[in-house]
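With compact mmCIF, C-alpha atoms inside, this is structure-v5.txt:
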```txt
# COMPACT_ATOMS: atom_id res chain seq x y z
CA MET A 18 60.97 95.64 100.02
CA ILE A 19 63.31 96.41 102.91
CA LYS A 20 65.72 93.81 104.29
CA LEU A 21 66.56 94.46 107.93
CA ALA A 22 68.84 92.39 110.19
CA VAL A 23 68.81 92.66 113.96
CA ILE A 24 72.34 91.94 115.18
CA SER A 25 74.60 92.37 118.19
CA GLY A 26 78.31 92.51 118.88
CA LYS A 27 77.98 90.05 121.75
CA GLY A 28 75.53 87.49 123.03
CA GLY A 29 72.91 88.19 125.68
CA THR A 30 72.01 91.74 124.66
CA GLY A 31 68.34 90.94 123.92
CA LYS A 32 68.60 90.68 120.15
CA THR A 33 66.00 87.93 119.73
CA MET A 34 63.64 89.70 122.13
CA VAL A 35 63.83 92.84 119.99
CA THR A 36 63.39 90.89 116.75
CA ALA A 37 60.31 89.09 118.07
CA ALA A 38 58.85 92.37 119.28
CA LEU A 39 59.35 94.10 115.91
CA ALA A 40 57.83 91.09 114.16
CA ASP A 41 54.87 91.17 116.52
CA ILE A 42 54.00 94.86 116.16
CA GLY A 43 55.37 95.59 112.67
CA GLY A 44 51.95 95.61 111.06
CA VAL A 45 53.33 95.09 107.53
CA PRO A 46 53.45 92.01 105.29
CA GLN A 47 56.73 90.40 106.28
CA VAL A 48 58.90 87.30 106.16
CA LEU A 49 61.07 86.35 109.12
CA ALA A 50 64.45 84.64 109.08
CA ASP A 51 66.36 83.27 112.07
CA CYS A 52 69.98 83.53 110.94
CA ASP A 53 71.42 82.63 114.34
CA VAL A 54 71.65 79.01 113.21
CA GLU A 55 73.94 77.89 116.02
CA ALA A 56 71.41 78.96 118.67
CA ALA A 57 68.12 79.61 116.88
CA ASN A 58 65.64 80.95 119.45
CA LEU A 59 63.18 83.09 117.50
CA SER A 60 60.85 80.14 117.13
CA LEU A 61 60.56 79.91 120.93
CA LEU A 62 58.72 83.25 120.98
CA LEU A 63 56.64 82.95 117.79
CA LYS A 64 55.31 79.37 118.02
CA PRO A 65 55.84 78.41 114.35
CA ARG A 66 53.91 75.67 112.59
CA ARG A 67 56.32 73.57 110.54
CA ILE A 68 55.65 73.41 106.80
CA SER A 69 58.77 71.67 105.50
CA THR A 70 62.14 70.28 106.61
CA GLU A 71 65.21 69.90 104.39
CA GLU A 72 68.61 68.37 105.03
CA PHE A 73 71.55 70.75 105.02
CA ARG A 74 74.76 69.37 103.59
CA GLY A 75 77.93 71.30 104.33
CA LEU A 76 81.46 70.61 103.15
CA GLU A 77 82.39 67.10 102.05
CA VAL A 78 84.00 64.60 104.42
CA GLY A 79 86.07 61.53 103.71
CA ARG A 80 84.60 58.03 103.43
CA ILE A 81 86.69 54.87 103.33
CA ASP A 82 85.63 51.91 101.18
CA LEU A 83 86.71 48.94 103.30
CA ASP A 84 86.41 46.57 100.35
CA ILE A 85 89.28 48.43 98.69
CA CYS A 86 91.27 49.55 101.75
CA THR A 87 94.47 47.52 102.34
CA ASP A 88 94.93 48.78 105.92
CA CYS A 89 98.17 50.58 105.09
CA GLY A 90 97.47 53.55 107.37
CA ILE A 91 98.94 56.15 105.01
CA CYS A 92 95.76 58.25 105.29
CA GLU A 93 96.03 58.33 109.07
CA SER A 94 99.67 59.45 108.99
CA HIS A 95 98.84 62.37 106.67
CA CYS A 96 95.67 63.59 108.41
CA ARG A 97 96.47 66.67 110.49
CA PHE A 98 93.09 66.78 112.20
CA GLY A 99 93.05 63.35 113.81
CA ALA A 100 90.02 62.40 111.75
CA ILE A 101 91.26 58.96 110.65
CA VAL A 102 90.59 56.52 113.51
CA ARG A 103 90.44 52.80 114.20
CA ARG A 104 87.01 51.26 114.69
CA ASP A 105 86.49 47.51 114.96
CA ASP A 106 90.02 46.93 113.58
CA ASP A 107 89.29 49.01 110.46
CA TRP A 108 90.10 52.56 109.46
CA ALA A 109 87.21 55.05 109.57
CA VAL A 110 86.67 58.78 109.28
CA ASP A 111 85.51 60.68 112.38
CA THR A 112 83.18 63.26 110.80
CA LEU A 113 83.37 65.53 113.86
CA HIS A 114 87.09 66.05 113.25
CA CYS A 115 87.19 65.88 109.45
CA GLU A 116 87.78 69.32 107.90
CA GLY A 117 87.08 68.20 104.34
CA CYS A 118 90.58 69.01 103.07
CA GLY A 119 90.73 65.86 100.91
CA VAL A 120 94.35 64.95 101.76
CA CYS A 121 93.35 61.41 102.76
CA ALA A 122 91.73 60.78 99.38
CA TYR A 123 94.76 62.30 97.62
CA VAL A 124 97.39 60.13 99.35
CA CYS A 125 95.49 56.82 99.40
CA PRO A 126 97.41 54.52 97.00
CA MET A 127 94.38 52.29 96.43
CA GLY A 128 91.84 55.05 95.82
CA ALA A 129 89.78 53.71 98.70
CA ILE A 130 88.73 57.12 100.02
CA GLU A 131 86.24 59.49 98.44
CA MET A 132 84.89 62.83 99.57
CA VAL A 133 81.12 62.79 100.06
CA PRO A 134 78.52 65.38 101.17
CA HIS A 135 77.77 65.26 104.88
CA VAL A 136 74.44 66.12 106.51
CA CYS A 137 75.20 68.61 109.29
CA GLY A 138 71.91 70.39 109.87
CA GLU A 139 68.31 70.98 108.91
CA ILE A 140 66.50 73.89 107.26
CA PHE A 141 62.90 74.61 108.21
CA THR A 142 60.12 76.59 106.61
CA SER A 143 57.35 77.46 109.05
CA GLU A 144 54.31 79.66 109.38
CA THR A 145 53.61 81.99 112.30
CA ASP A 146 50.84 84.41 113.14
CA ARG A 147 53.19 87.18 111.97
CA GLY A 148 54.29 85.69 108.65
CA TYR A 149 56.47 82.94 107.25
CA LEU A 150 59.62 81.99 109.14
CA ALA A 151 62.76 80.49 107.61
CA HIS A 152 65.00 78.94 110.25
CA ALA A 153 67.48 76.12 110.74
CA ARG A 154 69.35 73.89 113.16
CA LEU A 155 73.06 73.17 112.93
CA PHE A 156 73.96 69.79 114.40
CA PRO A 157 76.36 69.88 117.39
CA GLY A 158 79.98 69.83 116.30
CA SER A 159 79.19 70.79 112.71
CA GLY A 160 80.72 73.69 110.82
CA ASN A 161 79.69 75.77 107.82
CA SER A 162 77.26 77.93 109.80
CA GLY A 163 77.81 80.80 107.36
CA LEU A 164 76.73 78.62 104.45
CA LEU A 165 73.64 77.54 106.41
CA VAL A 166 72.76 81.21 107.03
CA VAL A 167 72.91 81.80 103.28
CA GLU A 168 70.47 78.94 102.72
CA VAL A 169 68.08 80.32 105.34
CA LYS A 170 68.13 83.71 103.64
CA LYS A 171 67.41 82.07 100.28
CA ARG A 172 64.29 80.45 101.76
CA ALA A 173 63.17 83.77 103.19
CA VAL A 174 63.56 85.54 99.85
CA ALA A 175 61.64 82.75 98.11
CA LEU A 176 58.75 83.34 100.54
CA SER A 177 58.79 87.13 100.24
CA GLU A 178 56.44 87.74 97.31
CA GLY A 179 54.12 90.57 98.30
CA ALA A 180 56.03 91.31 101.51
CA GLY A 181 57.28 94.76 102.44
CA LEU A 182 59.89 93.56 104.91
CA ILE A 183 62.34 90.71 105.46
CA LEU A 184 63.26 90.77 109.15
CA ALA A 185 66.24 88.64 110.16
CA ASP A 186 67.39 87.70 113.64
CA GLY A 187 71.15 87.62 113.22
CA PRO A 188 73.92 85.94 115.20
CA PRO A 189 76.10 87.68 117.79
CA GLY A 190 79.69 88.64 117.06
CA ILE A 191 81.46 89.58 113.83
CA GLY A 192 82.35 86.18 112.37
CA CYS A 193 81.28 84.32 109.25
CA PRO A 194 77.60 83.87 110.30
CA LEU A 195 77.28 87.63 110.87
CA ILE A 196 78.88 88.43 107.52
CA ALA A 197 76.55 85.96 105.79
CA THR A 198 73.59 87.59 107.54
CA VAL A 199 74.27 91.25 106.71
CA SER A 200 75.40 90.63 103.13
CA GLY A 201 72.66 91.88 100.82
CA MET A 202 70.72 93.63 103.60
CA ASP A 203 69.53 97.23 103.39
CA ALA A 204 69.99 98.05 107.07
CA VAL A 205 70.94 96.62 110.43
CA LEU A 206 69.70 97.31 113.92
CA ALA A 207 72.51 96.70 116.41
CA VAL A 208 71.27 95.78 119.88
CA THR A 209 73.69 96.72 122.63
CA GLU A 210 73.64 97.21 126.39
CA PRO A 211 75.41 99.52 128.82
CA GLY A 212 78.54 97.48 129.43
CA VAL A 213 82.21 98.14 128.69
CA SER A 214 82.58 94.96 126.63
CA ALA A 215 79.29 95.67 124.82
CA LEU A 216 80.55 99.09 123.72
CA HIS A 217 83.80 97.59 122.48
CA ASP A 218 81.94 94.89 120.55
CA LEU A 219 79.55 97.49 119.10
CA GLU A 220 82.53 99.38 117.72
CA ARG A 221 83.83 96.23 116.01
CA LEU A 222 80.37 95.44 114.68
CA VAL A 223 79.99 98.89 113.15
CA THR A 224 83.39 98.54 111.47
CA VAL A 225 82.30 95.29 109.79
CA CYS A 226 78.85 96.53 108.75
CA ARG A 227 80.22 99.68 107.17
CA ARG A 228 82.17 97.56 104.71
CA PHE A 229 78.81 96.44 103.31
CA GLY A 230 77.44 99.95 102.88
CA LEU A 231 74.56 99.31 105.27
CA ARG A 232 72.41 101.81 107.11
CA ILE A 233 73.16 101.26 110.78
CA PHE A 234 70.82 101.92 113.69
CA VAL A 235 71.38 101.20 117.38
CA VAL A 236 69.03 100.34 120.22
CA ILE A 237 70.30 100.26 123.81
CA ASN A 238 68.65 97.54 125.90
CA ARG A 239 68.46 97.83 129.70
CA PHE A 240 69.88 101.34 129.32
CA ASP A 241 68.99 102.39 132.85
CA LEU A 242 71.23 99.80 134.54
CA ALA A 243 74.38 101.86 133.89
CA GLU A 244 73.48 105.31 132.64
CA GLU A 245 77.10 106.51 132.58
CA ILE A 246 78.09 103.82 130.08
CA CYS A 247 74.84 104.38 128.22
CA ALA A 248 75.91 107.99 127.75
CA LYS A 249 79.25 106.80 126.37
CA ILE A 250 77.44 104.60 123.84
CA GLU A 251 75.28 107.53 122.78
CA SER A 252 78.36 109.74 122.45
CA TYR A 253 80.07 107.11 120.31
CA CYS A 254 77.02 106.81 118.05
CA GLU A 255 76.77 110.59 117.69
CA ALA A 256 80.44 110.82 116.75
CA GLU A 257 79.98 108.08 114.17
CA GLY A 258 76.78 109.53 112.73
CA ILE A 259 74.71 106.53 113.84
CA ARG A 260 71.08 107.01 114.87
CA VAL A 261 70.15 105.64 118.29
CA ALA A 262 66.65 104.55 117.35
CA GLY A 263 65.55 103.62 120.83
CA LYS A 264 66.38 102.85 124.45
CA ILE A 265 64.66 100.02 126.33
CA PRO A 266 64.55 100.06 130.14
CA PHE A 267 65.19 97.06 132.32
CA ASP A 268 61.78 95.44 132.77
CA PRO A 269 60.88 92.17 134.56
CA ALA A 270 58.03 91.83 132.04
CA VAL A 271 60.61 90.82 129.44
CA VAL A 272 61.74 87.86 131.51
CA GLU A 273 58.17 86.81 132.21
CA SER A 274 57.28 87.01 128.52
CA VAL A 275 60.26 84.87 127.52
CA ARG A 276 59.25 82.30 130.11
CA ALA A 277 55.74 82.35 128.67
CA GLY A 278 57.13 81.90 125.14
CA GLN A 279 55.72 85.09 123.67
CA PRO A 280 56.93 88.55 122.58
CA VAL A 281 56.97 91.09 125.40
CA THR A 282 54.87 93.40 123.20
CA ARG A 283 51.83 91.30 124.11
CA THR A 284 51.98 92.80 127.60
CA GLU A 285 51.43 96.32 128.87
CA SER A 286 54.85 97.29 130.16
CA ALA A 287 57.56 99.91 130.01
CA ALA A 288 59.56 97.69 127.64
CA THR A 289 56.57 97.44 125.31
CA ASP A 290 56.21 101.22 125.19
CA ALA A 291 59.90 101.58 124.35
CA LEU A 292 59.73 98.90 121.68
CA ARG A 293 56.72 100.56 120.03
CA ALA A 294 58.64 103.85 119.95
CA LEU A 295 61.63 102.00 118.47
CA LYS A 296 59.46 100.49 115.75
CA ASP A 297 57.93 103.84 114.86
CA THR A 298 61.33 105.54 114.61
CA LEU A 299 62.99 102.71 112.72
CA PHE A 300 60.18 102.17 110.22
CA ALA A 301 59.92 105.90 109.56
CA GLU A 302 63.65 106.09 108.86
CA LEU A 303 63.46 103.10 106.49
CA GLY A 304 60.25 104.17 104.78
CA ILE A 305 58.33 101.09 105.89
CA SER A 306 54.60 101.62 106.06
```

Written as structure tokens, that's how I'd like the structure from this file.
Amino acid sequence: MIKLAVISGKGGTGKTMVTAALADIGGVPQVLADCDVEAANLSLLLKPRRISTEEFRGLEVGRIDLDICTDCGICESHCRFGAIVRRDDDWAVDTLHCEGCGVCAYVCPMGAIEMVPHVCGEIFTSETDRGYLAHARLFPGSGNSGLLVVEVKKRAVALSEGAGLILADGPPGIGCPLIATVSGMDAVLAVTEPGVSALHDLERLVTVCRRFGLRIFVVINRFDLAEEICAKIESYCEAEGIRVAGKIPFDPAVVESVRAGQPVTRTESAATDALRALKDTLFAELGIS
């Protein structure tokens, strides 16, 4: 089984569009994972049917037992995140600001504070017409997105019996969620676009992915909007020994398909033709059949 993550060095390159297209035309038994937990959008294009929902608990946060608290305020004076606040004349922990460091529990002379698990998201298992989908939602203001990505991947692996492909829609950037996504993958497909910042972010992305020993492929979306910069991206990839697996033209059909909530590959368009060529090249390189 091949594990492939579709990623990007910056947001807005068309990563989810490409993932949905590959899922739609892959033609192999597959499991899908939306690892962009802070802005999960793959479900918008694949119309999943929910099977199960689980709570996601991240790092612990402080909780004050008011029956024991003597209102001394020592916890508040030691908290460096402003998480100890007054509510209705009592001390309370603001979970949006609490970083789970445990200092408040350590300094409390009465032992009135304990660190407890905090629900900061949900993990979903769903079914689509193109296979199972593991995805999640991180609550606004919550952290630990990398840990939530790991949990999503675990659900995908658990659903993968008999599958030939795990296809993950990764997050943009090079931070913790991206690292959690590409860890354990066989290959990545980096979606970029012909922009100066996109090329710079692609370079950073390649640097990170190479530390994981991954096979790296690139697809250039909307390549015809700035062909000079597109040529620079291709030159960079050639110099780095990276295969440009495809180039997708700017196509209004993509926008219309997103508005309709479906992969663009369900239309006859120039983008569809390019995405089919991308799939053929990529799957041949990875030995997916």

| message | Applying 7 Å and only C-alpha atoms, which residues near Met202 (chain A) remain after dropping the ones on its own chain fewer than 4 positions away? List them as a PyMOL selection string. | response | chain A and resi 20-22

- prompt: Quick one: residues within 12 Å of region 74-89 of chain A, all atoms listed in the file counted, chain neighbours fewer than 6 positions away excluded, as a ChimeraX atom specification?
  reply: /A:95-96,100-140,154-156,159-168

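Counting all atoms listed in the file, the residue from A:Ile196, A:Ile19, A:Val235, A:His217 that sits nearest to Ser177 (chain A) is A:Ile19.
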
Restricting the calculation to all atoms listed in the file, which member of A:Asp186, A:Glu144, A:Asp41, A:Glu245 is positioned closest to Thr284 (chain A)?
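Result for the nearest residue to Thr284 (chain A): A:Asp41.
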
Exercise. What is the CA of Val208 (chain A) to CA of Leu231 (chain A) distance in Å?
Worked result: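 Rounded to one decimal, the two atoms are 15.4 Å apart.
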
Write out as a PyMOL selection string the residues lying within 9 Å of region 254-270 of chain A, counting only C-alpha atoms and excluding same-chain residues fewer than 4 positions away. chain A and resi 206+232-242+249-250+274-275+281+284-292+294-296+298-299

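Each of A:Ile68, A:Ala277, A:Leu195, A:Val223 was compared to Asp53 (chain A) using all atoms listed in the file, and A:Leu195 turns out to be the nearest.
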
One residue among A:Ala50, A:Ala204, A:Val23, A:Leu216 is nearest to Val174 (chain A) when using all atoms listed in the file, and that residue is A:Ala50

(message) Give me the residues near Lys170 (chain A) as JSON, numbers by chain, where near means some atom within 9 Å (using only C-alpha atoms) and where sequence neighbours in that chain fewer than 6 positions away do not count.
(response) {"A": [50, 51, 52, 151, 152, 185, 197, 198]}

Measure the distance from CA of Phe141 (chain A) to CA of Ala153 (chain A) in Å and round it to one decimal.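 Distance reported for this atom pair: 5.4 Å.
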
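You can rank A:Gly28, A:Pro211, A:Gly90, A:Gly181 by their closest distance to Leu49 (chain A) using all atoms listed in the file, and at the top of that list sits A:Gly181.
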